[in-house]
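As provided, target-v2.cif (mmCIF, C-alpha atoms) reads as follows.
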data_target
loop_
_atom_site.label_atom_id
_atom_site.label_comp_id
_atom_site.auth_asym_id
_atom_site.auth_seq_id
_atom_site.Cartn_x
_atom_site.Cartn_y
_atom_site.Cartn_z
CA MET A 252 23.46 -54.49 -27.43
CA ALA A 253 26.28 -55.19 -24.97
CA SER A 254 28.64 -52.93 -26.93
CA GLN A 255 26.05 -50.14 -26.76
CA GLN A 256 25.80 -50.54 -22.96
CA GLN A 257 29.59 -50.45 -22.62
CA GLN A 258 29.85 -47.30 -24.78
CA THR A 259 27.18 -45.41 -22.85
CA GLY A 260 28.39 -46.54 -19.44
CA GLY A 261 25.59 -48.90 -18.49
CA PRO A 262 21.96 -49.67 -19.18
CA PRO A 263 19.89 -46.67 -20.35
CA GLY A 264 17.51 -46.90 -17.34
CA LEU A 265 20.42 -46.64 -14.89
CA GLN A 266 21.80 -43.57 -16.68
CA GLN A 267 18.44 -41.83 -16.47
CA GLN A 268 18.19 -42.60 -12.75
CA GLN A 269 21.70 -41.28 -12.15
CA ALA A 270 20.97 -38.12 -14.16
CA ALA A 271 17.71 -37.56 -12.25
CA ALA A 272 19.45 -38.07 -8.90
CA LEU A 273 22.22 -35.64 -9.88
CA GLN A 274 19.68 -33.06 -11.02
CA GLN A 275 17.74 -33.44 -7.76
CA GLN A 276 20.93 -32.96 -5.71
CA GLN A 277 21.75 -29.80 -7.67
CA GLN A 278 18.24 -28.44 -7.09
CA GLN A 279 18.51 -29.13 -3.34
CA LEU A 280 21.90 -27.39 -3.25
CA ASN A 281 20.47 -24.38 -5.08
CA GLN A 282 17.52 -24.24 -2.66
CA GLN A 283 19.86 -24.38 0.32
CA GLN A 284 21.96 -21.61 -1.17
CA ASP A 285 18.85 -19.49 -1.75
CA PHE A 286 18.08 -19.67 1.97
CA ASP A 287 21.69 -19.08 3.04
CA PRO A 288 21.99 -15.35 3.80
CA VAL A 289 25.77 -15.32 3.36
CA HIS A 290 25.52 -16.91 -0.08
CA ARG A 291 22.74 -14.49 -1.05
CA PHE A 292 24.89 -11.59 0.16
CA LYS A 293 27.78 -12.76 -2.01
CA MET A 294 25.45 -13.04 -4.99
CA LEU A 295 24.09 -9.51 -4.48
CA ILE A 296 27.48 -7.75 -4.24
CA PRO A 297 28.20 -7.83 -8.01
CA GLN A 298 24.68 -6.54 -8.67
CA LEU A 299 25.27 -3.73 -6.20
CA LYS A 300 28.56 -2.80 -7.89
CA GLU A 301 26.87 -2.75 -11.28
CA SER A 302 24.00 -0.69 -9.93
CA LEU A 303 26.41 1.81 -8.38
CA GLN A 304 28.35 2.11 -11.63
CA ASN A 305 25.11 2.68 -13.52
CA LEU A 306 24.00 5.25 -10.94
CA MET A 307 27.27 7.18 -11.23
CA LYS A 308 27.17 7.05 -15.03
CA ILE A 309 23.62 8.41 -15.12
CA ALA A 310 24.50 11.11 -12.58
CA SER A 311 27.50 12.10 -14.67
CA HIS A 312 25.45 12.30 -17.89
CA ASN A 313 22.68 14.26 -16.19
CA LEU A 314 25.16 16.67 -14.61
CA ALA A 315 26.89 17.24 -17.96
CA HIS A 316 23.53 17.70 -19.66
CA ASN A 317 22.33 20.21 -17.05
CA THR A 318 25.64 22.08 -17.25
CA THR A 319 25.33 22.53 -21.01
CA ILE A 320 21.76 23.75 -20.62
CA ASP A 321 22.75 26.17 -17.83
CA ASN A 322 25.57 27.58 -19.95
CA GLY A 323 23.15 28.10 -22.81
CA VAL A 324 25.44 26.23 -25.16
CA LYS A 325 23.05 23.59 -26.28
CA SER A 326 19.38 22.90 -26.11
CA SER A 327 19.19 19.17 -26.22
CA ASP A 328 16.13 17.16 -27.02
CA ALA A 329 17.97 13.93 -26.19
CA ALA A 330 16.30 11.69 -23.67
CA VAL A 331 17.94 11.97 -20.28
CA GLN A 332 18.02 8.84 -18.16
CA ARG A 333 16.11 8.98 -14.91
CA PHE A 334 18.42 9.32 -11.93
CA ASP A 335 15.68 8.59 -9.41
CA LYS A 336 14.94 5.14 -10.86
CA SER A 337 18.58 4.08 -10.78
CA LEU A 338 18.93 5.48 -7.25
CA GLU A 339 15.84 3.51 -6.18
CA GLU A 340 17.33 0.34 -7.68
CA PHE A 341 20.57 0.96 -5.77
CA TYR A 342 18.70 1.52 -2.49
CA ALA A 343 16.61 -1.62 -3.05
CA LEU A 344 19.79 -3.68 -3.40
CA CYS A 345 21.24 -2.02 -0.29
CA ASP A 346 18.08 -2.95 1.63
CA GLN A 347 18.35 -6.57 0.46
CA LEU A 348 21.99 -6.68 1.56
CA GLU A 349 21.05 -5.24 4.95
CA LEU A 350 18.37 -7.91 5.39
CA CYS A 351 20.86 -10.63 4.45
CA LEU A 352 23.34 -9.34 7.01
CA ARG A 353 20.69 -9.11 9.72
CA LEU A 354 19.49 -12.62 8.95
CA ALA A 355 23.06 -13.96 9.00
CA TYR A 356 23.62 -12.27 12.36
CA GLU A 357 20.41 -13.77 13.76
CA CYS A 358 21.40 -17.23 12.49
CA LEU A 359 24.81 -16.87 14.12
CA SER A 360 23.26 -15.69 17.39
CA GLN A 361 20.85 -18.62 17.42
CA SER A 362 23.66 -21.04 16.68
CA ILE A 363 25.76 -19.64 19.51
CA ASP A 364 22.81 -19.70 21.92
CA SER A 365 21.93 -23.22 20.84
CA ALA A 366 25.46 -24.43 21.46
CA LYS A 367 25.52 -22.63 24.80
CA HIS A 368 22.15 -23.78 26.15
CA SER A 369 21.56 -27.16 24.57
CA PRO A 370 22.83 -30.28 26.26
CA ASN A 371 25.98 -31.96 25.07
CA LEU A 372 26.26 -35.68 24.81
CA VAL A 373 26.13 -37.73 27.97
CA PRO A 374 28.32 -40.83 27.77
CA THR A 375 26.36 -44.03 27.98
CA ALA A 376 27.23 -46.95 30.20
CA THR A 377 27.27 -49.30 27.21
CA LYS A 378 30.16 -47.48 25.54
CA PRO A 379 32.47 -46.08 28.20
CA ASP A 380 35.43 -46.21 25.81
CA THR A 381 33.95 -43.62 23.45
CA VAL A 382 33.85 -40.68 25.86
CA GLN A 383 33.96 -37.53 23.79
CA THR A 384 35.74 -34.38 24.87
CA GLU A 385 32.58 -32.32 24.59
CA SER A 386 30.41 -34.67 26.63
CA MET A 387 29.27 -33.84 30.15
CA SER A 388 28.79 -35.92 33.22
CA TYR A 389 25.35 -37.11 34.21
CA ALA A 390 25.33 -34.82 37.26
CA GLN A 391 26.10 -31.81 35.05
CA TYR A 392 23.36 -32.89 32.66
CA LEU A 393 20.82 -33.17 35.51
CA GLY A 394 21.79 -29.73 36.79
CA MET A 395 21.33 -28.20 33.37
CA ILE A 396 17.95 -29.88 32.88
CA LYS A 397 16.78 -28.69 36.31
CA SER A 398 17.77 -25.11 35.46
CA GLN A 399 15.93 -25.35 32.13
CA ILE A 400 12.80 -26.65 33.90
CA SER A 401 13.03 -23.85 36.46
CA CYS A 402 13.36 -21.27 33.70
CA ALA A 403 10.37 -22.75 31.84
CA LYS A 404 8.29 -22.59 35.04
CA ASP A 405 9.27 -18.96 35.60
CA ILE A 406 8.22 -18.08 32.06
CA HIS A 407 4.95 -19.99 32.47
CA ASN A 408 4.17 -18.17 35.72
CA ALA A 409 5.00 -14.79 34.21
CA LEU A 410 2.67 -15.49 31.28
CA LEU A 411 -0.12 -16.59 33.62
CA GLU A 412 0.30 -13.44 35.71
CA CYS A 413 0.19 -11.24 32.61
CA SER A 414 -2.90 -12.98 31.28
CA LYS A 415 -4.66 -12.49 34.64
CA LYS A 416 -3.77 -8.79 34.62
CA ILE A 417 -5.06 -8.41 31.08
CA ALA A 418 -8.26 -10.30 31.90
CA GLY A 419 -8.74 -8.15 35.03
CA LYS A 420 -8.45 -4.88 33.08
CA GLY A 421 -11.06 -5.96 30.54
CA GLN A 422 -13.88 -6.14 33.13
CA PRO A 423 -15.84 -3.07 34.16
CA PRO A 424 -14.98 -1.87 37.70
CA GLY A 425 -18.49 -2.53 39.11
CA ILE A 426 -18.63 -6.22 38.15
CA MET A 427 -16.74 -8.80 40.22
#
Output the file's structure as structure tokens, nothing else.
Amino acid sequence: MASQQQQTGGPPGLQQQQAAALQQQQQQLNQQQDFDPVHRFKMLIPQLKESLQNLMKIASHNLAHNTTIDNGVKSSDAAVQRFDKSLEEFYALCDQLELCLRLAYECLSQSIDSAKHSPNLVPTATKPDTVQTESMSYAQYLGMIKSQISCAKDIHNALLECSKKIAGKGQPPGIM
């Protein structure tokens, strides 16, 4: 029994737990990659190349086929591949790539805005030795919080004003 455990690397229950944990990590990584627009873009590029090659091949065959028919050389009963379907497939992949790029741009914009408008760390009095280079003073932090509160109040007031205007337009002119 002990020799079997040494050969397999440990007790069988432990191996199953390790394998399950590894499989779960791989699934989480795959799910993260599915949501990552840059990774999705990289995965779609080879498909786009293949689709473009297929599109050009079908266009070439159809052009050669139509040329032979126009010249009266050959009346072919061979099935001609549909150019419109391959063109539609190419455009669908282009649309997916465009969406990936737009999503990546939005994620980058949000990240930049978040870094710009969110507070950095404020050093605590308990650990004055660990002041980080990106931390801000308490006075700077208070100023930023006050500006955020002011902005939130302005937005709130603007929304209230708009709702009052909308509510006022919905009533008939004779009733007040």
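Nearest residue to Leu338 of chain A, choosing from A:Phe292, A:Lys308, A:Gln268, A:Met395 and counting all atoms listed in the file: A:Lys308.
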Just the residues within 10 Å of Leu303 of chain A, please, counting all atoms listed in the file, with nothing from its chain fewer than 2 positions along; format it as a tab-separated table (two decimals) with C-alpha atoms, in the frame of the given file.
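Here's the written file selection-v9.tsv:
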chain	number	residue	atom	x	y	z
A	297	PRO	CA	28.20	-7.83	-8.01
A	298	GLN	CA	24.68	-6.54	-8.67
A	299	LEU	CA	25.27	-3.73	-6.20
A	300	LYS	CA	28.56	-2.80	-7.89
A	301	GLU	CA	26.87	-2.75	-11.28
A	305	ASN	CA	25.11	2.68	-13.52
A	306	LEU	CA	24.00	5.25	-10.94
A	307	MET	CA	27.27	7.18	-11.23
A	308	LYS	CA	27.17	7.05	-15.03
A	309	ILE	CA	23.62	8.41	-15.12
A	337	SER	CA	18.58	4.08	-10.78
A	338	LEU	CA	18.93	5.48	-7.25
A	340	GLU	CA	17.33	0.34	-7.68
A	341	PHE	CA	20.57	0.96	-5.77
A	342	TYR	CA	18.70	1.52	-2.49
A	344	LEU	CA	19.79	-3.68	-3.40
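All residues of protein, DNA or RNA that reach within 9 Å of segment 354-363 of chain A, judged by all atoms listed in the file and not counting those fewer than 4 positions away in the chain, are Asp287, Pro288, Val289, Glu349, Leu350, Lys367 and His368 of chain A.
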